[in-house]
$ cat input.csv   # CSV, C-alpha atoms
chain,number,residue,atom,x,y,z
A,13,MET,CA,0.0,0.0,0.0
A,14,ILE,CA,2.7,2.4,1.1
A,15,GLY,CA,5.1,1.0,-1.5
A,16,ARG,CA,4.9,3.6,-4.2
A,17,ALA,CA,3.9,6.6,-2.2
A,18,PRO,CA,7.4,7.8,-1.4
A,19,TYR,CA,8.4,7.6,-5.1
A,20,VAL,CA,5.3,9.4,-6.2
A,21,LEU,CA,5.9,12.2,-3.6
A,22,LEU,CA,9.5,12.4,-4.6
A,23,ILE,CA,8.6,12.7,-8.3
A,24,ALA,CA,5.9,15.3,-7.5
A,25,ALA,CA,8.4,17.3,-5.4
A,26,PHE,CA,11.0,17.1,-8.2
A,27,VAL,CA,8.5,18.3,-10.8
A,28,ALA,CA,7.4,21.2,-8.5
A,29,ALA,CA,11.0,22.2,-7.9
A,30,CYS,CA,11.8,22.2,-11.6
A,31,ALA,CA,8.9,24.3,-12.8
A,32,ALA,CA,9.6,26.1,-16.1
A,33,GLU,CA,10.6,29.7,-16.0
A,34,VAL,CA,7.9,32.0,-17.5
A,35,ALA,CA,8.6,32.5,-21.2
A,36,ARG,CA,8.9,36.2,-22.0
A,37,THR,CA,10.3,38.7,-24.4
A,38,PRO,CA,11.2,42.3,-23.6
A,39,SER,CA,8.4,44.8,-24.2
A,40,VAL,CA,7.8,48.5,-23.6
A,41,MET,CA,4.5,49.7,-22.4
A,42,GLN,CA,3.2,52.9,-24.0
A,43,PRO,CA,0.2,55.0,-23.0
A,44,ALA,CA,-3.0,53.4,-24.3
A,45,ALA,CA,-4.3,54.8,-27.5
A,46,ASP,CA,-7.9,56.0,-27.7
A,47,GLY,CA,-10.4,53.3,-28.5
A,48,TYR,CA,-9.7,50.8,-25.9
A,49,PRO,CA,-12.3,50.4,-23.1
A,50,ARG,CA,-11.0,52.0,-19.9
A,51,LEU,CA,-12.3,49.2,-17.8
A,52,LEU,CA,-13.1,45.6,-18.4
A,53,GLU,CA,-15.4,43.5,-16.3
A,54,LEU,CA,-15.6,39.8,-16.8
A,55,GLY,CA,-19.1,38.4,-17.2
A,56,SER,CA,-17.9,34.8,-16.7
A,57,PRO,CA,-14.8,33.1,-15.4
A,58,ALA,CA,-11.9,32.6,-17.8
A,59,GLU,CA,-9.7,29.6,-17.4
A,60,VAL,CA,-6.2,30.4,-18.5
A,61,PHE,CA,-3.7,27.6,-19.4
A,62,THR,CA,-0.4,29.3,-19.0
A,63,GLY,CA,1.9,26.5,-20.1
A,64,THR,CA,4.0,26.8,-16.9
A,65,GLY,CA,2.1,24.2,-14.9
A,66,TYR,CA,0.4,26.9,-12.8
A,67,ASN,CA,-2.9,27.8,-14.5
A,68,ARG,CA,-5.1,30.7,-13.6
A,69,VAL,CA,-8.8,31.3,-13.4
A,70,LEU,CA,-10.0,34.9,-13.8
A,71,ALA,CA,-13.1,35.2,-11.7
A,72,ALA,CA,-16.4,36.5,-13.0
A,73,GLY,CA,-17.0,40.0,-11.8
A,74,THR,CA,-13.4,41.0,-11.6
A,75,ARG,CA,-12.5,44.4,-13.0
A,76,TRP,CA,-9.5,45.3,-15.0
A,77,ARG,CA,-8.2,48.9,-15.5
A,78,LEU,CA,-6.6,50.0,-18.8
A,79,THR,CA,-3.0,50.8,-18.0
A,80,GLY,CA,-1.3,51.1,-21.4
A,81,SER,CA,-0.6,49.2,-24.5
A,82,ILE,CA,2.2,47.1,-26.0
A,83,ALA,CA,2.6,45.8,-29.6
A,84,GLN,CA,0.5,42.7,-28.8
A,85,GLY,CA,-2.5,44.5,-27.4
A,86,ALA,CA,-4.0,46.6,-24.6
A,87,VAL,CA,-2.7,46.1,-21.1
A,88,TYR,CA,-5.1,45.9,-18.1
A,89,ARG,CA,-4.3,45.5,-14.5
A,90,ALA,CA,-6.5,44.3,-11.7
A,91,SER,CA,-8.6,47.0,-10.2
A,92,GLU,CA,-8.6,45.2,-6.9
A,93,GLY,CA,-6.5,42.3,-5.8
A,94,VAL,CA,-3.4,41.0,-7.6
A,95,LEU,CA,-2.7,38.7,-10.5
A,96,THR,CA,0.5,36.7,-10.6
A,97,LEU,CA,2.1,34.5,-13.3
A,98,GLU,CA,3.9,31.6,-11.8
A,99,GLY,CA,6.6,29.3,-13.1
A,100,ALA,CA,10.0,28.8,-11.5
A,101,ASN,CA,9.4,32.3,-10.0
A,102,ILE,CA,6.3,34.3,-9.3
A,103,HIS,CA,5.7,37.6,-11.2
A,104,GLU,CA,3.0,40.3,-10.9
A,105,ALA,CA,1.2,40.2,-14.2
A,106,TYR,CA,-1.2,42.4,-16.2
A,107,LEU,CA,-3.6,41.1,-18.9
A,108,VAL,CA,-2.8,41.7,-22.5
A,109,VAL,CA,-6.0,41.8,-24.5
A,110,ARG,CA,-6.6,42.1,-28.2
A,111,ASP,CA,-10.1,42.0,-29.7
A,112,ARG,CA,-11.6,40.5,-26.6
A,113,ASP,CA,-9.0,37.8,-26.5
A,114,LEU,CA,-6.5,37.4,-23.7
A,115,VAL,CA,-3.3,36.8,-25.6
A,116,GLY,CA,-0.8,37.0,-22.9
A,117,PHE,CA,0.5,38.9,-19.9
A,118,PHE,CA,2.6,41.9,-19.3
A,119,LEU,CA,5.1,41.6,-16.5
A,120,PRO,CA,5.6,45.2,-15.1
A,121,VAL,CA,8.8,44.5,-13.2
A,122,GLU,CA,10.5,42.6,-15.9
A,123,LYS,CA,9.1,44.9,-18.6
A,124,ALA,CA,8.3,41.8,-20.7
A,125,TYR,CA,5.5,40.2,-22.6
A,126,SER,CA,4.6,36.6,-21.9
A,127,PRO,CA,2.4,35.0,-24.5
A,128,LEU,CA,-0.2,32.4,-23.8
A,129,PRO,CA,0.1,29.1,-25.7
A,130,GLN,CA,-3.5,29.7,-26.8
A,131,ALA,CA,-5.5,32.9,-26.7
A,132,VAL,CA,-8.6,32.9,-24.4
A,133,ARG,CA,-11.8,34.6,-25.4
A,134,LEU,CA,-13.0,36.8,-22.6
A,135,SER,CA,-16.6,37.3,-21.8
A,136,ILE,CA,-16.7,41.1,-21.1
A,137,SER,CA,-19.7,42.8,-19.6
A,138,ASN,CA,-18.6,46.3,-19.1
A,139,PRO,CA,-20.3,48.3,-16.3
B,19,MET,CA,8.9,1.9,21.5
B,20,PRO,CA,11.8,1.0,19.2
B,21,ARG,CA,15.0,3.1,19.8
B,22,SER,CA,15.0,4.3,16.2
B,23,ILE,CA,11.5,5.7,16.6
B,24,ARG,CA,12.5,7.5,19.8
B,25,TRP,CA,15.5,9.0,18.0
B,26,LEU,CA,13.3,10.2,15.2
B,27,LEU,CA,10.8,11.8,17.6
B,28,ALA,CA,13.7,13.5,19.5
B,29,ALA,CA,15.1,14.9,16.3
B,30,LEU,CA,11.6,16.1,15.3
B,31,ALA,CA,11.2,17.8,18.6
B,32,LEU,CA,14.6,19.5,18.3
B,33,ALA,CA,13.7,20.7,14.8
B,34,LEU,CA,10.5,22.3,16.1
B,35,LEU,CA,12.1,23.9,19.2
B,36,PRO,CA,12.8,27.3,17.6
B,37,ALA,CA,9.4,27.1,16.1
B,38,CYS,CA,6.9,29.9,16.4
B,39,ALA,CA,7.0,33.6,16.8
B,40,THR,CA,6.6,34.9,20.3
B,41,GLY,CA,5.8,38.6,19.7
B,42,PRO,CA,2.5,40.4,20.3
B,43,ARG,CA,-0.4,39.4,18.1
B,44,TYR,CA,-1.3,41.5,15.1
B,45,ALA,CA,-4.5,42.8,16.8
B,46,GLU,CA,-2.4,44.0,19.8
B,47,VAL,CA,0.0,46.1,17.7
B,48,GLU,CA,-2.2,47.1,14.8
B,49,LYS,CA,-3.2,50.4,16.2
B,50,THR,CA,0.3,51.3,17.3
B,51,LEU,CA,1.9,50.8,13.9
B,52,PRO,CA,2.6,54.1,12.1
B,53,LYS,CA,0.6,54.8,9.0
B,54,VAL,CA,2.5,54.5,5.8
B,55,ALA,CA,3.8,57.9,4.5
B,56,ALA,CA,2.0,59.3,1.5
B,57,ASP,CA,5.1,59.0,-0.7
B,58,LYS,CA,5.9,55.4,0.3
B,59,GLY,CA,4.3,52.0,0.0
B,60,ARG,CA,4.3,49.2,2.6
B,61,VAL,CA,5.2,45.6,2.1
B,62,TRP,CA,3.9,43.2,4.7
B,63,PHE,CA,5.6,39.9,5.2
B,64,TYR,CA,4.0,37.0,7.1
B,65,ARG,CA,4.2,33.3,7.6
B,66,SER,CA,1.5,31.0,9.1
B,67,GLY,CA,2.3,29.1,12.3
B,68,ILE,CA,2.2,25.8,10.6
B,69,MET,CA,4.8,23.5,12.2
B,70,PHE,CA,6.0,21.8,9.1
B,71,GLY,CA,9.5,23.1,8.3
B,72,ALA,CA,9.4,25.3,11.4
B,73,GLY,CA,13.1,24.9,11.8
B,74,ILE,CA,13.7,26.5,8.5
B,75,GLN,CA,13.8,30.3,9.1
B,76,PRO,CA,15.5,31.9,6.2
B,77,SER,CA,16.4,35.6,5.8
B,78,VAL,CA,14.0,37.7,3.8
B,79,LEU,CA,15.7,39.7,1.1
B,80,LEU,CA,14.0,42.7,-0.6
B,81,ASN,CA,16.0,43.7,-3.6
B,82,GLY,CA,18.9,41.9,-2.2
B,83,GLU,CA,18.7,43.7,1.2
B,84,LYS,CA,17.9,41.7,4.3
B,85,VAL,CA,14.7,43.1,5.8
B,86,GLY,CA,13.8,40.4,8.3
B,87,ASP,CA,13.5,36.7,9.0
B,88,SER,CA,10.8,34.2,8.0
B,89,VAL,CA,9.6,32.9,11.3
B,90,PRO,CA,6.6,30.6,11.6
B,91,GLY,CA,3.6,32.6,12.9
B,92,GLY,CA,5.4,35.9,12.5
B,93,PHE,CA,4.9,39.1,10.5
B,94,PHE,CA,6.7,42.3,9.9
B,95,TYR,CA,6.6,45.1,7.4
B,96,VAL,CA,8.9,47.6,5.6
B,97,ASP,CA,8.0,50.9,4.0
B,98,ARG,CA,9.7,51.6,0.7
B,99,ASN,CA,9.7,54.1,-2.2
B,100,PRO,CA,7.5,53.3,-5.2
B,101,GLY,CA,9.2,51.1,-7.7
B,102,SER,CA,9.9,47.5,-8.6
B,103,TYR,CA,10.7,44.9,-6.0
B,104,GLU,CA,12.0,41.4,-5.8
B,105,VAL,CA,11.6,39.2,-2.7
B,106,LEU,CA,13.9,36.2,-2.2
B,107,LEU,CA,14.4,33.9,0.8
B,108,SER,CA,17.8,32.5,1.6
B,109,THR,CA,16.7,28.9,1.3
B,110,GLU,CA,18.2,26.2,-0.7
B,111,VAL,CA,16.0,26.7,-3.7
B,112,ASP,CA,15.7,30.2,-5.1
B,113,ARG,CA,12.2,31.1,-5.9
B,114,LYS,CA,11.6,34.8,-6.1
B,115,VAL,CA,8.5,36.9,-6.4
B,116,THR,CA,8.5,40.3,-8.2
B,117,PHE,CA,6.0,43.1,-8.0
B,118,THR,CA,5.6,46.8,-8.2
B,119,LEU,CA,4.9,49.1,-5.3
B,120,GLU,CA,3.1,52.5,-5.6
B,121,SER,CA,2.7,55.3,-3.2
B,122,ALA,CA,0.3,54.5,-0.3
B,123,GLN,CA,-0.1,51.0,-1.6
B,124,GLU,CA,0.2,47.9,0.6
B,125,ARG,CA,1.5,44.6,-0.6
B,126,TYR,CA,1.3,41.3,1.2
B,127,VAL,CA,3.9,38.7,0.8
B,128,ARG,CA,3.1,35.3,2.4
B,129,MET,CA,5.8,32.9,3.1
B,130,THR,CA,4.7,29.4,2.4
B,131,VAL,CA,6.3,26.1,3.4
B,132,GLY,CA,6.5,23.5,0.6
B,133,LEU,CA,8.1,20.2,0.1
B,134,GLY,CA,11.4,20.5,-1.8
B,135,VAL,CA,13.2,17.7,-3.5
B,136,ILE,CA,14.7,16.5,-0.2
B,137,VAL,CA,13.6,18.9,2.6
B,138,TYR,CA,10.9,21.4,3.3
B,139,ARG,CA,11.5,24.8,1.9
B,140,VAL,CA,10.0,28.2,2.3
B,141,TYR,CA,9.1,30.5,-0.6
B,142,PRO,CA,7.4,33.8,-1.0
B,143,GLU,CA,4.0,34.5,-2.7
B,144,LEU,CA,2.4,37.8,-3.5
B,145,VAL,CA,-1.2,37.5,-2.3
B,146,ASP,CA,-4.4,39.4,-2.7
B,147,PRO,CA,-4.5,42.3,-0.1
B,148,ALA,CA,-7.9,41.1,1.2
B,149,GLU,CA,-6.5,37.6,1.7
B,150,GLY,CA,-3.3,39.0,3.3
B,151,ARG,CA,-5.3,41.2,5.7
B,152,LYS,CA,-7.4,38.2,6.8
B,153,GLU,CA,-4.4,35.9,7.3
B,154,ILE,CA,-2.0,38.3,9.0
B,155,VAL,CA,-4.3,38.6,12.0
B,156,GLU,CA,-3.3,35.1,13.0
B,157,THR,CA,0.4,36.0,13.3
B,158,SER,CA,2.6,37.9,15.7
B,159,TYR,CA,4.8,40.9,15.3
B,160,ILE,CA,8.5,40.0,15.1
B,161,GLY,CA,9.8,43.2,13.7
B,162,GLY,CA,11.7,43.8,10.5
B,163,LYS,CA,14.4,46.2,9.5
B,164,ASP,CA,11.9,49.1,9.9
B,165,LYS,CA,10.9,47.9,13.4
B,166,LYS,CA,9.4,50.8,15.5
$ encode --input "input.csv" --output "structure tokens"
Amino acid sequence: MIGRAPYVLLIAAFVAACAAEVARTPSVMQPAADGYPRLLELGSPAEVFTGTGYNRVLAAGTRWRLTGSIAQGAVYRASEGVLTLEGANIHEAYLVVRDRDLVGFFLPVEKAYSPLPQAVRLSISNP
Amino acid sequence: MPRSIRWLLAALALALLPACATGPRYAEVEKTLPKVAADKGRVWFYRSGIMFGAGIQPSVLLNGEKVGDSVPGGFFYVDRNPGSYEVLLSTEVDRKVTFTLESAQERYVRMTVGLGVIVYRVYPELVDPAEGRKEIVETSYIGGKDKK
């Protein structure tokens, strides 16, 4: 019964200790151009597969404030609370949205863009 | 009881000896802590009183500067200028958390005990302020570099 448990635990610990670093490329955030909504409110939860092993769920009702833009889209940060992107390290992260799709994250400290493996369509119900 | 088990229990007891923080509880000192200056932000650091890995009490480094220690059941804070920050603990596995800090903003960094490849390890997480405010009341003030 106990036989395999230590090995499973060891492998799980090893995998956790070897989480991939968050993939990113340098990016410069500019003031947001006109035309982007100043505020986004999610009408339903969005499950985000990040590709690092630590996925995220953006809760329904959360609000996101326009902060700027980068080449990949408009950048929104959490109005309340905090969003982090997690891999080998943990980074504060903002959403990068293009045409109602979440395409990746902007990391404000690293000044970098981290793309999602697959864009996620957001259900936006602006107040 | 077999001798090996007794030795194991003794070792476990020794590991837990330096365990939990002994300072005043958050509720006792909350009102006495100075408000954060308008041109600075505050970073709170706390760790639950969970006994696993209690013997592991690494230094807390904020942008490379030691600002306190990660003690089970303890909390402290530092006030800093707005900017970008990185928190790292001096444990065997480097796992940092990065975040920005704005004027009058409060950030909560929870130090969590996890299972490493061989031993327990402690790593920092940036948590939602509402969650941080709720959890920190269970901890005791141990003072950081900005201790008043």
$ closest_residue --input "input.csv" --among "B:Val61, B:Ala45, B:Ala55, B:Val105" --to "chain A" --atoms "all atoms listed in the file"
B:Val105
$ atom_distance --input "input.csv" --atom1 "CA of Val87 (chain A)" --atom2 "CA of Thr64 (chain A)"
20.9 Å
$ residues_around --input "input.csv" --residues "Tyr106 (chain A)" --least-positions-apart "6" --cutoff "6 Å" --atoms "all atoms listed in the file" --output "PDB file with C-alpha atoms, keeping the file's coordinate frame"
ATOM      1  CA  TYR A  88      -5.100  45.900 -18.100  1.00  0.00           C
ATOM      2  CA  ARG A  89      -4.300  45.500 -14.500  1.00  0.00           C
ATOM      3  CA  PHE A 117       0.500  38.900 -19.900  1.00  0.00           C
ATOM      4  CA  PHE A 118       2.600  41.900 -19.300  1.00  0.00           C
TER       5      PHE A 118
END
$ interface_residues --input "input.csv" --of "chain B" --to "chain A" --cutoff "9 Å" --atoms "only C-alpha atoms" --output "PDB file with C-alpha atoms, in the frame of the given file"
ATOM      1  CA  GLY B 101       9.200  51.100  -7.700  1.00  0.00           C
ATOM      2  CA  SER B 102       9.900  47.500  -8.600  1.00  0.00           C
ATOM      3  CA  TYR B 103      10.700  44.900  -6.000  1.00  0.00           C
ATOM      4  CA  GLU B 104      12.000  41.400  -5.800  1.00  0.00           C
ATOM      5  CA  VAL B 111      16.000  26.700  -3.700  1.00  0.00           C
ATOM      6  CA  ASP B 112      15.700  30.200  -5.100  1.00  0.00           C
ATOM      7  CA  ARG B 113      12.200  31.100  -5.900  1.00  0.00           C
ATOM      8  CA  LYS B 114      11.600  34.800  -6.100  1.00  0.00           C
ATOM      9  CA  VAL B 115       8.500  36.900  -6.400  1.00  0.00           C
ATOM     10  CA  THR B 116       8.500  40.300  -8.200  1.00  0.00           C
ATOM     11  CA  PHE B 117       6.000  43.100  -8.000  1.00  0.00           C
ATOM     12  CA  THR B 118       5.600  46.800  -8.200  1.00  0.00           C
ATOM     13  CA  GLY B 132       6.500  23.500   0.600  1.00  0.00           C
ATOM     14  CA  LEU B 133       8.100  20.200   0.100  1.00  0.00           C
ATOM     15  CA  GLY B 134      11.400  20.500  -1.800  1.00  0.00           C
ATOM     16  CA  VAL B 135      13.200  17.700  -3.500  1.00  0.00           C
ATOM     17  CA  ILE B 136      14.700  16.500  -0.200  1.00  0.00           C
ATOM     18  CA  PRO B 142       7.400  33.800  -1.000  1.00  0.00           C
ATOM     19  CA  GLU B 143       4.000  34.500  -2.700  1.00  0.00           C
ATOM     20  CA  LEU B 144       2.400  37.800  -3.500  1.00  0.00           C
ATOM     21  CA  VAL B 145      -1.200  37.500  -2.300  1.00  0.00           C
ATOM     22  CA  ASP B 146      -4.400  39.400  -2.700  1.00  0.00           C
ATOM     23  CA  PRO B 147      -4.500  42.300  -0.100  1.00  0.00           C
ATOM     24  CA  ALA B 148      -7.900  41.100   1.200  1.00  0.00           C
ATOM     25  CA  GLU B 149      -6.500  37.600   1.700  1.00  0.00           C
TER      26      GLU B 149
END
$ closest_residue --input "input.csv" --among "A:Ala31, A:Gly80, A:Met41, A:Glu53" --to "Ala124 (chain A)" --atoms "all atoms listed in the file"
A:Met41
$ closest_residue --input "input.csv" --among "B:Val89, B:Ile74, B:Ile160, B:Leu79" --to "Arg139 (chain B)" --atoms "all atoms listed in the file"
B:Ile74
$ closest_residue --input "input.csv" --among "A:Leu51, A:Ile136, A:Val40, A:Val115" --to "Gly85 (chain A)" --atoms "only C-alpha atoms"
A:Val115
$ atom_distance --input "input.csv" --atom1 "CA of Ser121 (chain B)" --atom2 "CA of Lys53 (chain B)"
12.4 Å
$ atom_distance --input "input.csv" --atom1 "CA of Phe94 (chain B)" --atom2 "CA of Tyr64 (chain B)"
6.6 Å
$ residues_near_point --input "input.csv" --point "(-14.9, 36.2, -14.6)" --cutoff "9 Å" --atoms "all atoms listed in the file" --output "JSON list (two decimals) with C-alpha atoms, keeping the file's coordinate frame"
[["chain", "number", "residue", "atom", "x", "y", "z"],
["A", 53, "GLU", "CA", -15.40, 43.50, -16.30],
["A", 54, "LEU", "CA", -15.60, 39.80, -16.80],
["A", 55, "GLY", "CA", -19.10, 38.40, -17.20],
["A", 56, "SER", "CA", -17.90, 34.80, -16.70],
["A", 57, "PRO", "CA", -14.80, 33.10, -15.40],
["A", 58, "ALA", "CA", -11.90, 32.60, -17.80],
["A", 59, "GLU", "CA", -9.70, 29.60, -17.40],
["A", 69, "VAL", "CA", -8.80, 31.30, -13.40],
["A", 70, "LEU", "CA", -10.00, 34.90, -13.80],
["A", 71, "ALA", "CA", -13.10, 35.20, -11.70],
["A", 72, "ALA", "CA", -16.40, 36.50, -13.00],
["A", 73, "GLY", "CA", -17.00, 40.00, -11.80],
["A", 74, "THR", "CA", -13.40, 41.00, -11.60],
["A", 75, "ARG", "CA", -12.50, 44.40, -13.00],
["A", 134, "LEU", "CA", -13.00, 36.80, -22.60],
["A", 135, "SER", "CA", -16.60, 37.30, -21.80],
["A", 136, "ILE", "CA", -16.70, 41.10, -21.10]]
$ closest_residue --input "input.csv" --among "A:Ile82, A:Trp76, A:Asp111, A:Arg133" --to "Gln42 (chain A)" --atoms "only C-alpha atoms"
A:Ile82
$ closest_residue --input "input.csv" --among "A:Val108, A:Val132, A:Ala45, A:Ala90" --to "Phe61 (chain A)" --atoms "all atoms listed in the file"
A:Val132
$ decode --input "input.csv" --residues "region 70-92 of chain A" --atoms "N, CA and C atoms" --output "PDB file, in the first residue's frame"
ATOM      1  N   LEU A  70      -9.567  33.522 -14.024  1.00  0.00           N
ATOM      2  CA  LEU A  70      -9.966  34.916 -13.785  1.00  0.00           C
ATOM      3  C   LEU A  70     -11.445  34.882 -13.421  1.00  0.00           C
ATOM      4  N   ALA A  71     -11.746  35.329 -12.239  1.00  0.00           N
ATOM      5  CA  ALA A  71     -13.109  35.167 -11.718  1.00  0.00           C
ATOM      6  C   ALA A  71     -14.097  36.109 -12.399  1.00  0.00           C
ATOM      7  N   ALA A  72     -15.333  35.642 -12.484  1.00  0.00           N
ATOM      8  CA  ALA A  72     -16.403  36.489 -13.005  1.00  0.00           C
ATOM      9  C   ALA A  72     -16.567  37.687 -12.074  1.00  0.00           C
ATOM     10  N   GLY A  73     -16.820  38.839 -12.658  1.00  0.00           N
ATOM     11  CA  GLY A  73     -17.042  40.037 -11.847  1.00  0.00           C
ATOM     12  C   GLY A  73     -15.773  40.822 -11.567  1.00  0.00           C
ATOM     13  N   THR A  74     -14.615  40.237 -11.862  1.00  0.00           N
ATOM     14  CA  THR A  74     -13.382  40.985 -11.623  1.00  0.00           C
ATOM     15  C   THR A  74     -13.257  42.110 -12.646  1.00  0.00           C
ATOM     16  N   ARG A  75     -12.672  43.206 -12.168  1.00  0.00           N
ATOM     17  CA  ARG A  75     -12.531  44.386 -13.023  1.00  0.00           C
ATOM     18  C   ARG A  75     -11.064  44.649 -13.326  1.00  0.00           C
ATOM     19  N   TRP A  76     -10.828  45.114 -14.515  1.00  0.00           N
ATOM     20  CA  TRP A  76      -9.467  45.316 -15.008  1.00  0.00           C
ATOM     21  C   TRP A  76      -9.371  46.702 -15.622  1.00  0.00           C
ATOM     22  N   ARG A  77      -8.389  47.453 -15.171  1.00  0.00           N
ATOM     23  CA  ARG A  77      -8.248  48.865 -15.530  1.00  0.00           C
ATOM     24  C   ARG A  77      -7.188  49.023 -16.616  1.00  0.00           C
ATOM     25  N   LEU A  78      -7.521  49.787 -17.656  1.00  0.00           N
ATOM     26  CA  LEU A  78      -6.579  50.024 -18.758  1.00  0.00           C
ATOM     27  C   LEU A  78      -5.359  50.765 -18.229  1.00  0.00           C
ATOM     28  N   THR A  79      -4.197  50.221 -18.508  1.00  0.00           N
ATOM     29  CA  THR A  79      -2.952  50.783 -17.983  1.00  0.00           C
ATOM     30  C   THR A  79      -2.033  51.271 -19.081  1.00  0.00           C
ATOM     31  N   GLY A  80      -2.154  50.703 -20.265  1.00  0.00           N
ATOM     32  CA  GLY A  80      -1.287  51.090 -21.366  1.00  0.00           C
ATOM     33  C   GLY A  80      -1.468  50.130 -22.519  1.00  0.00           C
ATOM     34  N   SER A  81      -0.510  50.135 -23.411  1.00  0.00           N
ATOM     35  CA  SER A  81      -0.582  49.171 -24.508  1.00  0.00           C
ATOM     36  C   SER A  81       0.827  48.750 -24.910  1.00  0.00           C
ATOM     37  N   ILE A  82       0.910  47.570 -25.453  1.00  0.00           N
ATOM     38  CA  ILE A  82       2.161  47.079 -26.028  1.00  0.00           C
ATOM     39  C   ILE A  82       1.834  46.594 -27.434  1.00  0.00           C
ATOM     40  N   ALA A  83       2.819  46.155 -28.152  1.00  0.00           N
ATOM     41  CA  ALA A  83       2.596  45.765 -29.551  1.00  0.00           C
ATOM     42  C   ALA A  83       1.536  44.676 -29.672  1.00  0.00           C
ATOM     43  N   GLN A  84       1.423  43.833 -28.649  1.00  0.00           N
ATOM     44  CA  GLN A  84       0.504  42.679 -28.757  1.00  0.00           C
ATOM     45  C   GLN A  84      -0.925  43.012 -28.346  1.00  0.00           C
ATOM     46  N   GLY A  85      -1.163  44.173 -27.744  1.00  0.00           N
ATOM     47  CA  GLY A  85      -2.526  44.505 -27.360  1.00  0.00           C
ATOM     48  C   GLY A  85      -2.576  45.506 -26.219  1.00  0.00           C
ATOM     49  N   ALA A  86      -3.786  45.696 -25.700  1.00  0.00           N
ATOM     50  CA  ALA A  86      -3.990  46.630 -24.583  1.00  0.00           C
ATOM     51  C   ALA A  86      -3.668  45.935 -23.269  1.00  0.00           C
ATOM     52  N   VAL A  87      -3.138  46.712 -22.335  1.00  0.00           N
ATOM     53  CA  VAL A  87      -2.693  46.148 -21.061  1.00  0.00           C
ATOM     54  C   VAL A  87      -3.654  46.589 -19.960  1.00  0.00           C
ATOM     55  N   TYR A  88      -4.148  45.624 -19.211  1.00  0.00           N
ATOM     56  CA  TYR A  88      -5.096  45.889 -18.130  1.00  0.00           C
ATOM     57  C   TYR A  88      -4.564  45.283 -16.834  1.00  0.00           C
ATOM     58  N   ARG A  89      -4.662  46.063 -15.765  1.00  0.00           N
ATOM     59  CA  ARG A  89      -4.260  45.522 -14.461  1.00  0.00           C
ATOM     60  C   ARG A  89      -5.477  45.373 -13.569  1.00  0.00           C
ATOM     61  N   ALA A  90      -5.362  44.519 -12.600  1.00  0.00           N
ATOM     62  CA  ALA A  90      -6.491  44.255 -11.701  1.00  0.00           C
ATOM     63  C   ALA A  90      -6.860  45.524 -10.943  1.00  0.00           C
ATOM     64  N   SER A  91      -8.149  45.848 -10.939  1.00  0.00           N
ATOM     65  CA  SER A  91      -8.602  47.019 -10.187  1.00  0.00           C
ATOM     66  C   SER A  91      -8.472  46.791  -8.695  1.00  0.00           C
ATOM     67  N   GLU A  92      -8.824  45.594  -8.275  1.00  0.00           N
ATOM     68  CA  GLU A  92      -8.606  45.203  -6.881  1.00  0.00           C
ATOM     69  C   GLU A  92      -7.873  43.868  -6.928  1.00  0.00           C
TER      70      GLU A  92
END
